[in-house]
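Chemist: Coordinates in upload.txt, compact mmCIF, C-alpha atoms, are listed below.
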```txt
# COMPACT_ATOMS: atom_id res chain seq x y z
CA MET J 1 -3.40 -42.54 76.25
CA SER J 2 -3.25 -38.79 76.84
CA GLU J 3 -4.67 -35.79 74.99
CA ASN J 4 -2.54 -32.66 75.38
CA ARG J 5 -2.52 -31.04 71.96
CA SER J 6 -4.76 -30.45 68.98
CA ALA J 7 -4.35 -30.30 65.21
CA THR J 8 -6.02 -27.65 63.05
CA PHE J 9 -7.44 -28.43 59.60
CA GLY J 10 -8.79 -25.88 57.15
CA LEU J 11 -11.63 -26.59 54.73
CA ASP J 12 -13.69 -24.08 52.71
CA GLY J 13 -12.07 -21.21 54.57
CA LEU J 14 -12.98 -22.57 58.01
CA SER J 15 -10.61 -24.06 60.56
CA ARG J 16 -11.49 -26.98 62.80
CA GLN J 17 -9.51 -28.44 65.66
CA PHE J 18 -9.08 -32.12 66.36
CA PRO J 19 -7.45 -33.67 69.46
CA VAL J 20 -4.00 -35.27 69.19
CA LEU J 21 -3.76 -38.52 71.15
CA GLU J 22 -0.42 -39.64 72.57
CA GLY J 23 0.45 -43.28 73.18
CA THR J 24 3.20 -44.67 75.41
CA ILE J 25 5.68 -44.71 72.51
CA GLY J 26 5.43 -44.30 68.76
CA PRO J 27 3.76 -41.67 66.56
CA ASP J 28 0.89 -39.60 67.93
CA VAL J 29 -2.48 -39.82 66.17
CA VAL J 30 -5.05 -37.20 65.27
CA ASP J 31 -8.49 -38.15 66.62
CA MET J 32 -10.66 -37.89 63.49
CA ARG J 33 -13.81 -39.45 64.91
CA ALA J 34 -15.67 -36.15 64.61
CA LEU J 35 -14.33 -35.35 61.12
CA SER J 36 -17.57 -35.92 59.21
CA GLN J 37 -19.62 -34.19 61.90
CA LYS J 38 -17.40 -31.08 61.89
CA THR J 39 -16.60 -30.90 58.18
CA GLY J 40 -19.06 -33.04 56.23
CA VAL J 41 -16.25 -35.05 54.62
CA PHE J 42 -14.55 -38.40 55.30
CA SER J 43 -10.84 -39.23 55.17
CA PHE J 44 -9.51 -41.41 52.31
CA ASP J 45 -6.84 -43.97 53.24
CA PRO J 46 -6.88 -47.17 51.12
CA GLY J 47 -5.18 -50.00 53.00
CA LEU J 48 -5.40 -48.02 56.27
CA GLY J 49 -1.65 -47.38 56.11
CA SER J 50 -2.00 -44.01 57.86
CA THR J 51 -4.99 -44.80 60.07
CA ALA J 52 -5.08 -46.15 63.62
CA THR J 53 -8.28 -48.19 63.95
CA CYS J 54 -7.93 -49.10 67.63
CA THR J 55 -5.93 -48.68 70.82
CA SER J 56 -3.87 -51.66 71.93
CA ALA J 57 -1.40 -52.54 74.67
CA ILE J 58 -0.26 -55.86 73.18
CA SER J 59 2.44 -55.30 70.54
CA TYR J 60 4.48 -52.38 69.24
CA ILE J 61 6.65 -52.11 66.12
CA ASP J 62 9.24 -49.48 65.23
CA GLY J 63 10.12 -50.46 61.69
CA ASP J 64 12.87 -47.87 61.25
CA LYS J 65 14.78 -49.17 64.27
CA GLY J 66 13.92 -52.84 63.80
CA VAL J 67 12.05 -53.09 67.13
CA LEU J 68 9.21 -55.44 68.05
CA LEU J 69 7.84 -55.41 71.60
CA HIS J 70 5.31 -57.77 73.18
CA ARG J 71 3.77 -56.06 76.23
CA GLY J 72 6.96 -53.99 76.41
CA TYR J 73 9.42 -56.89 76.18
CA PRO J 74 11.78 -56.98 73.16
CA ILE J 75 11.06 -59.98 70.97
CA GLU J 76 14.73 -61.00 71.14
CA ASP J 77 14.57 -61.32 74.95
CA LEU J 78 11.44 -63.44 74.77
CA ALA J 79 12.78 -65.70 72.02
CA LEU J 80 16.02 -66.38 73.88
CA ASN J 81 14.63 -66.65 77.42
CA ALA J 82 10.94 -67.57 77.32
CA SER J 83 8.88 -70.39 75.85
CA PHE J 84 5.98 -70.05 73.46
CA THR J 85 3.59 -70.94 76.30
CA GLU J 86 5.04 -68.20 78.54
CA THR J 87 4.66 -65.72 75.69
CA ALA J 88 1.07 -66.82 75.15
CA TYR J 89 0.33 -66.06 78.81
CA LEU J 90 2.05 -62.69 78.46
CA LEU J 91 0.04 -61.70 75.40
CA LEU J 92 -3.24 -62.84 76.96
CA TYR J 93 -2.83 -61.32 80.42
CA GLY J 94 -0.25 -58.55 80.11
CA GLU J 95 2.46 -59.92 82.43
CA LEU J 96 4.89 -62.83 82.43
CA PRO J 97 3.60 -65.65 84.64
CA THR J 98 5.03 -66.64 87.99
CA ALA J 99 6.12 -70.26 88.34
CA ALA J 100 2.75 -71.18 89.88
CA GLN J 101 0.77 -69.27 87.25
CA TYR J 102 2.77 -70.85 84.46
CA GLN J 103 2.25 -74.38 85.76
CA ALA J 104 -1.49 -73.86 86.20
CA PHE J 105 -1.79 -72.27 82.75
CA ARG J 106 0.21 -75.01 81.05
CA THR J 107 -1.76 -77.78 82.76
CA ASP J 108 -5.09 -76.19 81.82
CA MET J 109 -3.99 -75.60 78.23
CA ASN J 110 -2.80 -79.19 77.88
CA THR J 111 -6.23 -80.54 78.87
CA HIS J 112 -7.83 -78.50 76.08
CA ARG J 113 -5.71 -80.09 73.33
CA LEU J 114 -8.16 -82.92 72.71
CA LEU J 115 -10.91 -82.42 70.16
CA ASN J 116 -14.47 -83.66 70.47
CA GLU J 117 -14.34 -87.11 68.85
CA GLN J 118 -17.11 -86.20 66.41
CA ILE J 119 -14.81 -83.61 64.84
CA ARG J 120 -12.84 -86.51 63.32
CA ASN J 121 -15.80 -86.98 60.98
CA PHE J 122 -15.24 -83.52 59.49
CA PHE J 123 -11.99 -84.60 57.89
CA ASN J 124 -13.65 -87.35 55.87
CA GLY J 125 -15.72 -84.68 54.13
CA PHE J 126 -12.60 -83.14 52.57
CA ARG J 127 -10.79 -84.49 49.53
CA ARG J 128 -7.38 -85.96 50.29
CA ASP J 129 -5.74 -83.29 48.14
CA ALA J 130 -7.50 -80.42 49.93
CA HIS J 131 -5.16 -77.65 51.02
CA PRO J 132 -4.54 -77.91 54.79
CA MET J 133 -5.53 -74.25 55.18
CA ALA J 134 -8.98 -75.07 53.78
CA ILE J 135 -9.37 -77.82 56.36
CA LEU J 136 -8.08 -75.61 59.17
CA CYS J 137 -10.32 -72.67 58.28
CA GLY J 138 -13.47 -74.79 57.97
CA THR J 139 -12.88 -76.87 61.10
CA VAL J 140 -11.97 -73.96 63.36
CA GLY J 141 -15.13 -72.13 62.30
CA ALA J 142 -17.16 -75.23 63.19
CA LEU J 143 -15.81 -75.46 66.76
CA SER J 144 -18.65 -73.22 67.93
CA ALA J 145 -21.02 -76.12 67.15
CA PHE J 146 -19.28 -78.23 69.81
CA TYR J 147 -18.18 -75.87 72.57
CA HIS J 148 -21.24 -73.88 73.60
CA ASP J 149 -20.13 -73.00 77.14
CA GLY J 150 -17.66 -70.36 75.92
CA LEU J 151 -19.87 -68.51 73.48
CA ASP J 152 -21.27 -65.83 75.81
CA ILE J 153 -18.67 -63.18 75.02
CA SER J 154 -20.16 -60.82 77.63
CA GLU J 155 -18.77 -63.13 80.33
CA PRO J 156 -15.02 -62.79 81.11
CA LYS J 157 -14.73 -66.47 82.09
CA ALA J 158 -16.34 -67.56 78.83
CA ARG J 159 -13.98 -65.35 76.80
CA ASP J 160 -10.97 -66.76 78.63
CA LEU J 161 -12.17 -70.34 78.16
CA SER J 162 -12.65 -69.87 74.42
CA ALA J 163 -9.26 -68.19 74.09
CA ARG J 164 -7.47 -71.07 75.81
CA ARG J 165 -9.38 -73.65 73.82
CA LEU J 166 -8.45 -72.05 70.53
CA ILE J 167 -4.75 -71.81 71.36
CA ALA J 168 -4.73 -75.46 72.46
CA LYS J 169 -6.94 -77.01 69.76
CA VAL J 170 -5.73 -75.25 66.61
CA PRO J 171 -2.42 -77.23 66.64
CA THR J 172 -4.37 -80.50 66.89
CA ILE J 173 -6.55 -79.54 63.92
CA ALA J 174 -3.45 -78.44 61.99
CA ALA J 175 -1.59 -81.69 62.66
CA TRP J 176 -4.63 -83.78 61.74
CA ALA J 177 -5.04 -81.80 58.52
CA TYR J 178 -1.48 -82.77 57.61
CA LYS J 179 -1.96 -86.41 58.57
CA TYR J 180 -5.16 -86.56 56.53
CA SER J 181 -3.41 -85.12 53.47
CA ILE J 182 -0.75 -87.87 53.52
CA GLY J 183 -3.13 -90.69 54.43
CA GLU J 184 -1.67 -91.44 57.87
CA PRO J 185 -3.63 -92.11 61.09
CA PHE J 186 -4.27 -89.18 63.42
CA ILE J 187 -2.02 -88.89 66.47
CA TYR J 188 -3.71 -87.73 69.66
CA PRO J 189 -2.11 -84.99 71.76
CA ASP J 190 0.17 -85.87 74.67
CA GLU J 191 -0.57 -83.83 77.80
CA GLU J 192 2.90 -84.46 79.23
CA MET J 193 4.72 -82.74 76.38
CA SER J 194 5.40 -79.05 75.91
CA PHE J 195 3.44 -77.13 73.30
CA SER J 196 6.07 -77.51 70.57
CA GLU J 197 7.08 -81.06 71.49
CA ASN J 198 3.45 -82.14 71.29
CA PHE J 199 2.95 -80.42 67.95
CA LEU J 200 5.98 -82.15 66.42
CA HIS J 201 4.81 -85.43 67.92
CA MET J 202 1.34 -85.10 66.33
CA LEU J 203 2.93 -84.24 62.99
CA PHE J 204 5.51 -87.01 62.75
CA ALA J 205 4.69 -89.87 65.14
CA ARG J 206 3.04 -93.03 63.82
CA PRO J 207 1.13 -95.74 65.67
CA GLY J 208 3.48 -98.54 66.71
CA ASN J 209 6.60 -96.51 65.98
CA HIS J 210 7.91 -94.54 68.96
CA TYR J 211 8.84 -91.00 67.91
CA ARG J 212 11.45 -89.25 70.02
CA VAL J 213 11.22 -85.48 69.82
CA ASN J 214 14.66 -84.00 69.19
CA PRO J 215 15.14 -81.13 71.70
CA VAL J 216 17.01 -78.99 69.15
CA LEU J 217 14.12 -79.28 66.71
CA ALA J 218 11.56 -78.67 69.45
CA ARG J 219 13.39 -75.48 70.42
CA ALA J 220 13.45 -74.39 66.78
CA MET J 221 9.70 -74.99 66.44
CA ASP J 222 9.07 -73.13 69.71
CA ARG J 223 11.00 -70.11 68.43
CA ILE J 224 9.18 -70.10 65.10
CA LEU J 225 5.85 -70.12 66.92
CA LEU J 226 6.94 -67.49 69.44
CA LEU J 227 8.30 -65.14 66.77
CA HIS J 228 5.04 -65.31 64.82
CA ALA J 229 2.70 -65.00 67.82
CA ASP J 230 1.64 -61.39 67.23
CA HIS J 231 2.61 -58.52 64.97
CA GLU J 232 0.48 -55.48 65.73
CA GLN J 233 -2.47 -54.56 63.45
CA ASN J 234 -1.71 -56.61 60.33
CA ALA J 235 -4.32 -57.73 57.80
CA SER J 236 -5.42 -60.92 59.61
CA THR J 237 -5.45 -59.31 63.06
CA THR J 238 -7.51 -56.42 61.73
CA THR J 239 -9.86 -58.99 60.18
CA VAL J 240 -10.31 -60.71 63.54
CA ARG J 241 -11.06 -57.38 65.20
CA LEU J 242 -13.46 -56.33 62.44
CA VAL J 243 -15.44 -59.59 62.61
CA GLY J 244 -15.30 -59.52 66.40
CA SER J 245 -16.80 -56.04 66.46
CA THR J 246 -20.05 -57.56 65.18
CA GLY J 247 -20.33 -59.75 68.28
CA ALA J 248 -19.54 -62.92 66.32
CA ASN J 249 -18.37 -65.92 68.35
CA PRO J 250 -14.59 -66.27 68.85
CA TYR J 251 -14.30 -69.38 66.66
CA ALA J 252 -15.84 -67.52 63.71
CA CYS J 253 -13.47 -64.59 64.35
CA ILE J 254 -10.36 -66.78 64.33
CA ALA J 255 -11.57 -68.65 61.24
CA ALA J 256 -11.84 -65.25 59.53
CA GLY J 257 -8.27 -64.48 60.59
CA ILE J 258 -7.11 -67.80 59.13
CA ALA J 259 -8.83 -66.95 55.85
CA ALA J 260 -7.07 -63.57 55.73
CA LEU J 261 -3.71 -65.14 56.57
CA TRP J 262 -4.13 -67.58 53.69
CA GLY J 263 -3.48 -64.81 51.15
CA PRO J 264 -0.04 -65.05 49.50
CA ALA J 265 0.64 -61.38 50.28
CA HIS J 266 0.32 -62.15 54.00
CA GLY J 267 0.89 -65.64 55.37
CA GLY J 268 2.23 -67.31 52.26
CA ALA J 269 5.51 -65.41 52.11
CA ASN J 270 7.74 -68.18 53.47
CA GLU J 271 6.23 -70.61 50.97
CA ALA J 272 6.98 -68.09 48.21
CA ALA J 273 10.60 -67.77 49.42
CA LEU J 274 11.10 -71.51 49.16
CA GLY J 275 9.50 -71.51 45.71
CA MET J 276 11.98 -68.83 44.64
CA LEU J 277 14.90 -71.03 45.70
CA GLU J 278 13.50 -73.91 43.68
CA THR J 279 13.26 -71.60 40.68
CA ILE J 280 16.91 -70.50 41.03
CA GLY J 281 17.90 -74.15 41.11
CA THR J 282 21.64 -74.09 41.86
CA ARG J 283 24.37 -71.78 43.17
CA ASP J 284 25.36 -71.06 39.57
CA GLY J 285 21.92 -69.55 38.94
CA ILE J 286 22.23 -66.90 41.69
CA PRO J 287 24.05 -64.15 39.70
CA ALA J 288 21.60 -64.27 36.79
CA PHE J 289 18.64 -64.33 39.15
CA LEU J 290 19.86 -61.31 41.13
CA ASN J 291 20.47 -59.42 37.90
CA GLU J 292 16.84 -60.02 36.98
CA VAL J 293 15.76 -58.75 40.40
CA LYS J 294 17.73 -55.55 39.84
CA ASN J 295 15.98 -55.04 36.49
CA ARG J 296 12.74 -53.28 37.49
CA ASN J 297 11.08 -54.29 34.24
CA SER J 298 11.60 -58.01 34.78
CA GLY J 299 8.91 -58.43 37.43
CA VAL J 300 11.21 -60.78 39.36
CA ARG J 301 11.27 -60.24 43.13
CA LEU J 302 13.70 -61.34 45.83
CA MET J 303 11.28 -63.19 48.12
CA GLY J 304 12.06 -63.47 51.82
CA PHE J 305 14.08 -60.24 51.83
CA GLY J 306 12.87 -56.89 53.13
CA HIS J 307 9.60 -56.18 54.93
CA ARG J 308 6.79 -53.65 54.49
CA VAL J 309 7.08 -52.61 58.15
CA TYR J 310 10.78 -53.04 58.93
CA LYS J 311 13.11 -50.59 57.20
CA ASN J 312 15.99 -52.24 58.98
CA PHE J 313 16.81 -55.86 59.78
CA ASP J 314 13.73 -57.79 60.93
CA PRO J 315 14.49 -58.46 64.64
CA ARG J 316 12.83 -61.86 64.40
CA ALA J 317 15.10 -62.84 61.51
CA LYS J 318 18.23 -62.43 63.64
CA ILE J 319 16.97 -65.11 66.01
CA LEU J 320 15.83 -67.49 63.28
CA GLN J 321 19.07 -67.06 61.36
CA ALA J 322 21.00 -68.65 64.23
CA THR J 323 18.24 -71.22 64.78
CA CYS J 324 18.31 -72.17 61.10
CA HIS J 325 22.02 -72.95 61.25
CA GLU J 326 21.49 -74.95 64.49
CA VAL J 327 18.85 -77.13 62.81
CA ILE J 328 20.93 -77.69 59.66
CA GLU J 329 23.92 -78.65 61.82
CA GLU J 330 21.85 -80.96 64.03
CA LEU J 331 20.32 -82.80 61.06
CA GLY J 332 23.51 -82.92 59.02
CA LEU J 333 21.92 -81.11 56.10
CA LYS J 334 24.82 -78.91 55.05
CA ARG J 335 24.95 -80.79 51.77
CA ASP J 336 21.23 -80.48 51.06
CA PRO J 337 21.21 -78.68 47.67
CA LEU J 338 18.32 -76.33 48.45
CA LEU J 339 19.58 -75.34 51.89
CA ASP J 340 23.09 -74.90 50.52
CA LEU J 341 21.63 -72.66 47.80
CA ALA J 342 19.75 -70.61 50.42
CA MET J 343 22.87 -70.04 52.51
CA GLU J 344 24.79 -68.91 49.42
CA LEU J 345 21.96 -66.57 48.34
CA GLU J 346 21.94 -65.11 51.86
CA ARG J 347 25.70 -64.48 51.69
CA VAL J 348 25.70 -62.94 48.21
CA ALA J 349 22.65 -60.71 48.73
CA THR J 350 23.80 -59.37 52.11
CA GLU J 351 27.17 -58.39 50.59
CA ASP J 352 25.65 -56.75 47.48
CA ASP J 353 25.53 -52.94 47.73
CA TYR J 354 22.32 -52.88 45.67
CA PHE J 355 20.37 -54.78 48.34
CA VAL J 356 22.26 -53.42 51.36
CA SER J 357 21.62 -49.80 50.29
CA ARG J 358 17.90 -50.60 50.02
CA ARG J 359 17.92 -52.38 53.38
CA LEU J 360 16.74 -55.61 51.80
CA TYR J 361 17.90 -58.03 54.46
CA PRO J 362 16.62 -61.60 54.93
CA ASN J 363 13.38 -61.52 56.91
CA VAL J 364 11.61 -63.98 59.19
CA ASP J 365 9.92 -65.68 56.22
CA PHE J 366 13.24 -66.55 54.60
CA TYR J 367 14.58 -68.39 57.63
CA SER J 368 11.32 -69.91 58.85
CA GLY J 369 10.77 -71.47 55.43
CA LEU J 370 14.24 -73.01 55.50
CA ILE J 371 13.75 -74.37 59.03
CA LEU J 372 10.39 -75.88 58.21
CA LYS J 373 11.83 -77.44 55.06
CA ALA J 374 14.69 -78.90 57.11
CA LEU J 375 12.18 -80.32 59.60
CA GLY J 376 10.46 -82.17 56.77
CA ILE J 377 7.31 -80.05 56.74
CA PRO J 378 5.85 -79.59 53.22
CA LYS J 379 5.21 -76.13 51.75
CA SER J 380 1.45 -76.63 51.92
CA MET J 381 1.76 -76.60 55.73
CA PHE J 382 3.84 -73.43 56.05
CA THR J 383 0.90 -71.05 56.35
CA VAL J 384 -0.85 -73.51 58.66
CA LEU J 385 2.15 -73.30 61.01
CA PHE J 386 1.85 -69.51 60.85
CA ALA J 387 -1.83 -69.78 61.86
CA VAL J 388 -0.98 -72.05 64.80
CA ALA J 389 1.39 -69.39 66.10
CA ARG J 390 -0.75 -66.35 65.32
CA THR J 391 -3.84 -67.78 67.04
CA VAL J 392 -2.30 -66.55 70.31
CA GLY J 393 -2.11 -62.99 69.01
CA TRP J 394 -5.56 -63.15 67.44
CA VAL J 395 -7.33 -64.26 70.61
CA SER J 396 -5.37 -61.71 72.67
CA GLN J 397 -6.38 -58.92 70.30
CA TRP J 398 -9.96 -60.21 70.22
CA LYS J 399 -10.20 -60.26 74.02
CA GLU J 400 -8.71 -56.78 74.26
CA MET J 401 -11.22 -55.43 71.74
CA ILE J 402 -14.24 -57.06 73.42
CA GLU J 403 -13.15 -55.70 76.80
CA GLU J 404 -12.80 -52.14 75.45
CA PRO J 405 -15.77 -50.14 76.87
CA SER J 406 -16.19 -48.03 73.75
CA VAL J 407 -16.04 -50.87 71.21
CA ARG J 408 -18.21 -50.21 68.14
CA ILE J 409 -19.01 -52.26 65.08
CA SER J 410 -16.53 -51.49 62.33
CA ARG J 411 -18.17 -49.55 59.50
CA PRO J 412 -15.64 -48.06 57.02
CA ARG J 413 -16.73 -45.38 54.58
CA GLN J 414 -16.10 -45.20 50.83
CA LEU J 415 -15.47 -42.74 48.03
CA TYR J 416 -18.27 -43.58 45.61
CA ILE J 417 -17.25 -43.29 41.93
CA GLY J 418 -20.21 -45.05 40.28
CA ALA J 419 -23.12 -43.61 38.31
CA ALA J 420 -25.19 -40.81 39.81
CA GLU J 421 -28.93 -41.32 40.32
CA ARG J 422 -30.70 -42.08 37.04
CA SER J 423 -34.13 -43.17 35.81
CA PHE J 424 -35.02 -46.77 35.05
CA ILE J 425 -35.31 -47.58 31.31
CA PRO J 426 -37.80 -50.26 30.23
CA MET J 427 -36.16 -53.14 28.35
CA SER J 428 -38.03 -52.31 25.13
CA GLU J 429 -36.37 -48.86 25.07
CA ARG J 430 -32.78 -49.90 25.83
CA ARG J 431 -30.25 -49.52 23.05
```
When written as structure tokens, how does the structure in this file appear?
Modeler:
Amino acid sequence: MSENRSATFGLDGLSRQFPVLEGTIGPDVVDMRALSQKTGVFSFDPGLGSTATCTSAISYIDGDKGVLLHRGYPIEDLALNASFTETAYLLLYGELPTAAQYQAFRTDMNTHRLLNEQIRNFFNGFRRDAHPMAILCGTVGALSAFYHDGLDISEPKARDLSARRLIAKVPTIAAWAYKYSIGEPFIYPDEEMSFSENFLHMLFARPGNHYRVNPVLARAMDRILLLHADHEQNASTTTVRLVGSTGANPYACIAAGIAALWGPAHGGANEAALGMLETIGTRDGIPAFLNEVKNRNSGVRLMGFGHRVYKNFDPRAKILQATCHEVIEELGLKRDPLLDLAMELERVATEDDYFVSRRLYPNVDFYSGLILKALGIPKSMFTVLFAVARTVGWVSQWKEMIEEPSVRISRPRQLYIGAAERSFIPMSERR
């Protein structure tokens, strides 16, 4: 980060200069930390869409060009050449692992998959129809009651231990939440399997019935997790950083991120895309549905198309598009009515000038929802899968923030529009 220029702002006839900070790539930012001190006013930016709240070396997005980098590596290169576990190491430590580093990291992570046996008792406190995200959020937050040796966030080894534990244990909690919801026995993690193989095994294996993990499906799951691992300063990541700035333990921070992800405007998009397909019903319903989408007064939206950040094709969607077709081919689901409908909607929408001119291409949520549906994962688990993947990004961002020398507790300002100071009126005099 360099500071070579300054920006001048005028207020009440006076000019003040503020430094301009330059990153490695991307837009420069005006350093407004001294704004109130120099001018007596605050900036107003609801949603923080024009405000950089931190420095970070983890992920970078160029939405206009459809670029997503993790530690400088294009997401396409990682998805096609690396595993989710390799990418987790990269996000945590800044470099791709050597063969020895990878083996040591994988072995250590695998040993952390098991949960304290008492945590099983937590699940019995939830109703069987509880949403898996409710179970995940509550149980992850409670991990601090069991793993005390990683709670001293001033110690680098403790931070690293907690980060690894979270990445390894969240999939176990997620799989058990699913098993609990369908009334099946919990499946314990297998330390010999890869991250994605083990996750599929915990989801679908049953006692006494050997479950063979299909390598095509394991690769598809690995890509889904990898492509969702981190995405710059989104709502849930910002939540993790904000809670972390208070000095809260890492388990509480990640539970807060899970809660933020639960919102339908954030992590529930792939579930919404699948719901849209169910609403359309059949191929014959596509033209009428798209006409409603084009009518701005209808309130009907084309879910799973377009992205707030990407003004071009979502680079993650290109990978999942091919993966989606691989899974459908492998499972022989070409005649599945919903998947057939999705493929036809994809074809029609991407050839329609209305959507092409607005750059409304299928995004990662569209294809990930279809893949998860093909794998037999219910909609209620879609956001849980997202949380399993994003835990890697959250803990990486949390560690980066804690290790920043100038970290301060987050304390946003407000534009107050309530009543001015007034005198108290006794109840007997109120009208």
Chemist: Need the shell around segment 405-419 of chain J: protein/DNA/RNA residues with any atom at most 8 Å away, counting only C-alpha atoms. Skip same-chain ones fewer than 2 positions apart. Format as a CSV table (one decimal) with C-alpha atoms, in the frame of the given file?
Modeler:
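File written: out.csv
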```csv
chain,number,residue,atom,x,y,z
J,42,PHE,CA,-14.6,-38.4,55.3
J,44,PHE,CA,-9.5,-41.4,52.3
J,242,LEU,CA,-13.5,-56.3,62.4
J,245,SER,CA,-16.8,-56.0,66.5
J,246,THR,CA,-20.0,-57.6,65.2
J,401,MET,CA,-11.2,-55.4,71.7
J,402,ILE,CA,-14.2,-57.1,73.4
J,403,GLU,CA,-13.2,-55.7,76.8
J,421,GLU,CA,-28.9,-41.3,40.3
J,422,ARG,CA,-30.7,-42.1,37.0
```
Chemist: Considering only C-alpha atoms, can you say which of J:Thr238, J:Gln118, J:Asn249, J:Asn270 comes closest to Ser144 of chain J?
Modeler: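 Of the candidates, the smallest distance to Ser144 of chain J is held by J:Asn249.
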Chemist: In Å to one decimal, how far is atom CA of Leu227 of chain J from atom CA of Gly94 of chain J?
Modeler: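 Between these atoms lies a distance of 17.2 Å.
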Chemist: May I have the residues within 7 Å of Ala273 of chain J as JSON, numbers by chain, using only C-alpha atoms and disregarding those fewer than 2 positions away in the same chain?
Modeler: {"J": [269, 270, 271, 275, 276, 277, 303, 304, 366]}
Chemist: Could you tell me how far atom CA of Ser194 of chain J lies from atom CA of Gly208 of chain J, in Å and to one decimal?
Modeler: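 It comes out at 21.6 Å.
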Chemist: Any idea what's packed within 10 Å of Pro207 of chain J, counting all atoms listed in the file, ignoring anything in its chain fewer than 6 positions away? Could you give it as a list of chain:residue names?
Modeler: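 Once the nearby chain positions are removed, what remains is J:Glu184, J:Pro185, J:Phe186, J:Ile187.
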Chemist: When you count all atoms listed in the file, which of these residues is closest to Asp129 of chain J: J:Gln233, J:Thr323, J:Ser380, J:Gln101?
Modeler: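 Among the listed residues, J:Ser380 lies closest to Asp129 of chain J.
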Chemist: Would you pick out the contacts of segment 25-37 of chain J at 10 Å or less, using only C-alpha atoms, so that residues sharing its chain but fewer than 3 positions from it are not included, and give the list as JSON, numbers by chain?
Modeler: {"J": [1, 2, 3, 5, 6, 7, 8, 9, 16, 17, 18, 19, 20, 21, 22, 40, 41, 42, 43, 50, 51, 52, 60, 61, 62]}
Chemist: Distance atom CA of Ala88 of chain J-atom CA of Met193 of chain J, one decimal place?
Modeler: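 Spanning atom CA of Ala88 of chain J to atom CA of Met193 of chain J is a straight-line distance of 16.4 Å.
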Chemist: Choose the residue, out of J:Ala57, J:Lys318, J:Phe355, J:Asp45, that has the smallest atom-to-atom separation from Gly23 of chain J; count all atoms listed in the file.
Modeler: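 For Gly23 of chain J, the nearest of the candidates is J:Ala57.
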Chemist: Nearest to Val170 of chain J among J:Ile182, J:Ala100, J:Leu80, J:Ile254, with distances taken over only C-alpha atoms: which residue is it?
Modeler: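 The shortest atom-to-atom distance to Val170 of chain J comes from J:Ile254.
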Chemist: Closest to Asp160 of chain J among J:Leu69, J:Leu370, J:Asp108, J:Ala256, using all atoms listed in the file?
Modeler: J:Asp108
Chemist: Between J:Ala174, J:Ala272, J:Leu339, J:Cys324, which is the closest to Phe305 of chain J once you count only C-alpha atoms?
Modeler: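 Of J:Ala174, J:Ala272, J:Leu339, J:Cys324, the one nearest Phe305 of chain J, counting only C-alpha atoms, is J:Ala272.
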Chemist: Applying 10 Å and only C-alpha atoms, which residues near segment 213-216 of chain J remain after dropping the ones on its own chain fewer than 4 positions away? List them as a PyMOL selection string.
Modeler: chain J and resi 193+196-201+204-205+220-222+323+326-327+330-331
Chemist: Could you take the residues named above and write them with C-alpha atoms, as a PDB file, keeping the file's coordinate frame?
Modeler:
```pdb
ATOM      1  CA  MET J 193       4.720 -82.740  76.380  1.00  0.00           C
ATOM      2  CA  SER J 196       6.070 -77.510  70.570  1.00  0.00           C
ATOM      3  CA  GLU J 197       7.080 -81.060  71.490  1.00  0.00           C
ATOM      4  CA  ASN J 198       3.450 -82.140  71.290  1.00  0.00           C
ATOM      5  CA  PHE J 199       2.950 -80.420  67.950  1.00  0.00           C
ATOM      6  CA  LEU J 200       5.980 -82.150  66.420  1.00  0.00           C
ATOM      7  CA  HIS J 201       4.810 -85.430  67.920  1.00  0.00           C
ATOM      8  CA  PHE J 204       5.510 -87.010  62.750  1.00  0.00           C
ATOM      9  CA  ALA J 205       4.690 -89.870  65.140  1.00  0.00           C
ATOM     10  CA  ALA J 220      13.450 -74.390  66.780  1.00  0.00           C
ATOM     11  CA  MET J 221       9.700 -74.990  66.440  1.00  0.00           C
ATOM     12  CA  ASP J 222       9.070 -73.130  69.710  1.00  0.00           C
ATOM     13  CA  THR J 323      18.240 -71.220  64.780  1.00  0.00           C
ATOM     14  CA  GLU J 326      21.490 -74.950  64.490  1.00  0.00           C
ATOM     15  CA  VAL J 327      18.850 -77.130  62.810  1.00  0.00           C
ATOM     16  CA  GLU J 330      21.850 -80.960  64.030  1.00  0.00           C
ATOM     17  CA  LEU J 331      20.320 -82.800  61.060  1.00  0.00           C
TER      18      LEU J 331
END
```
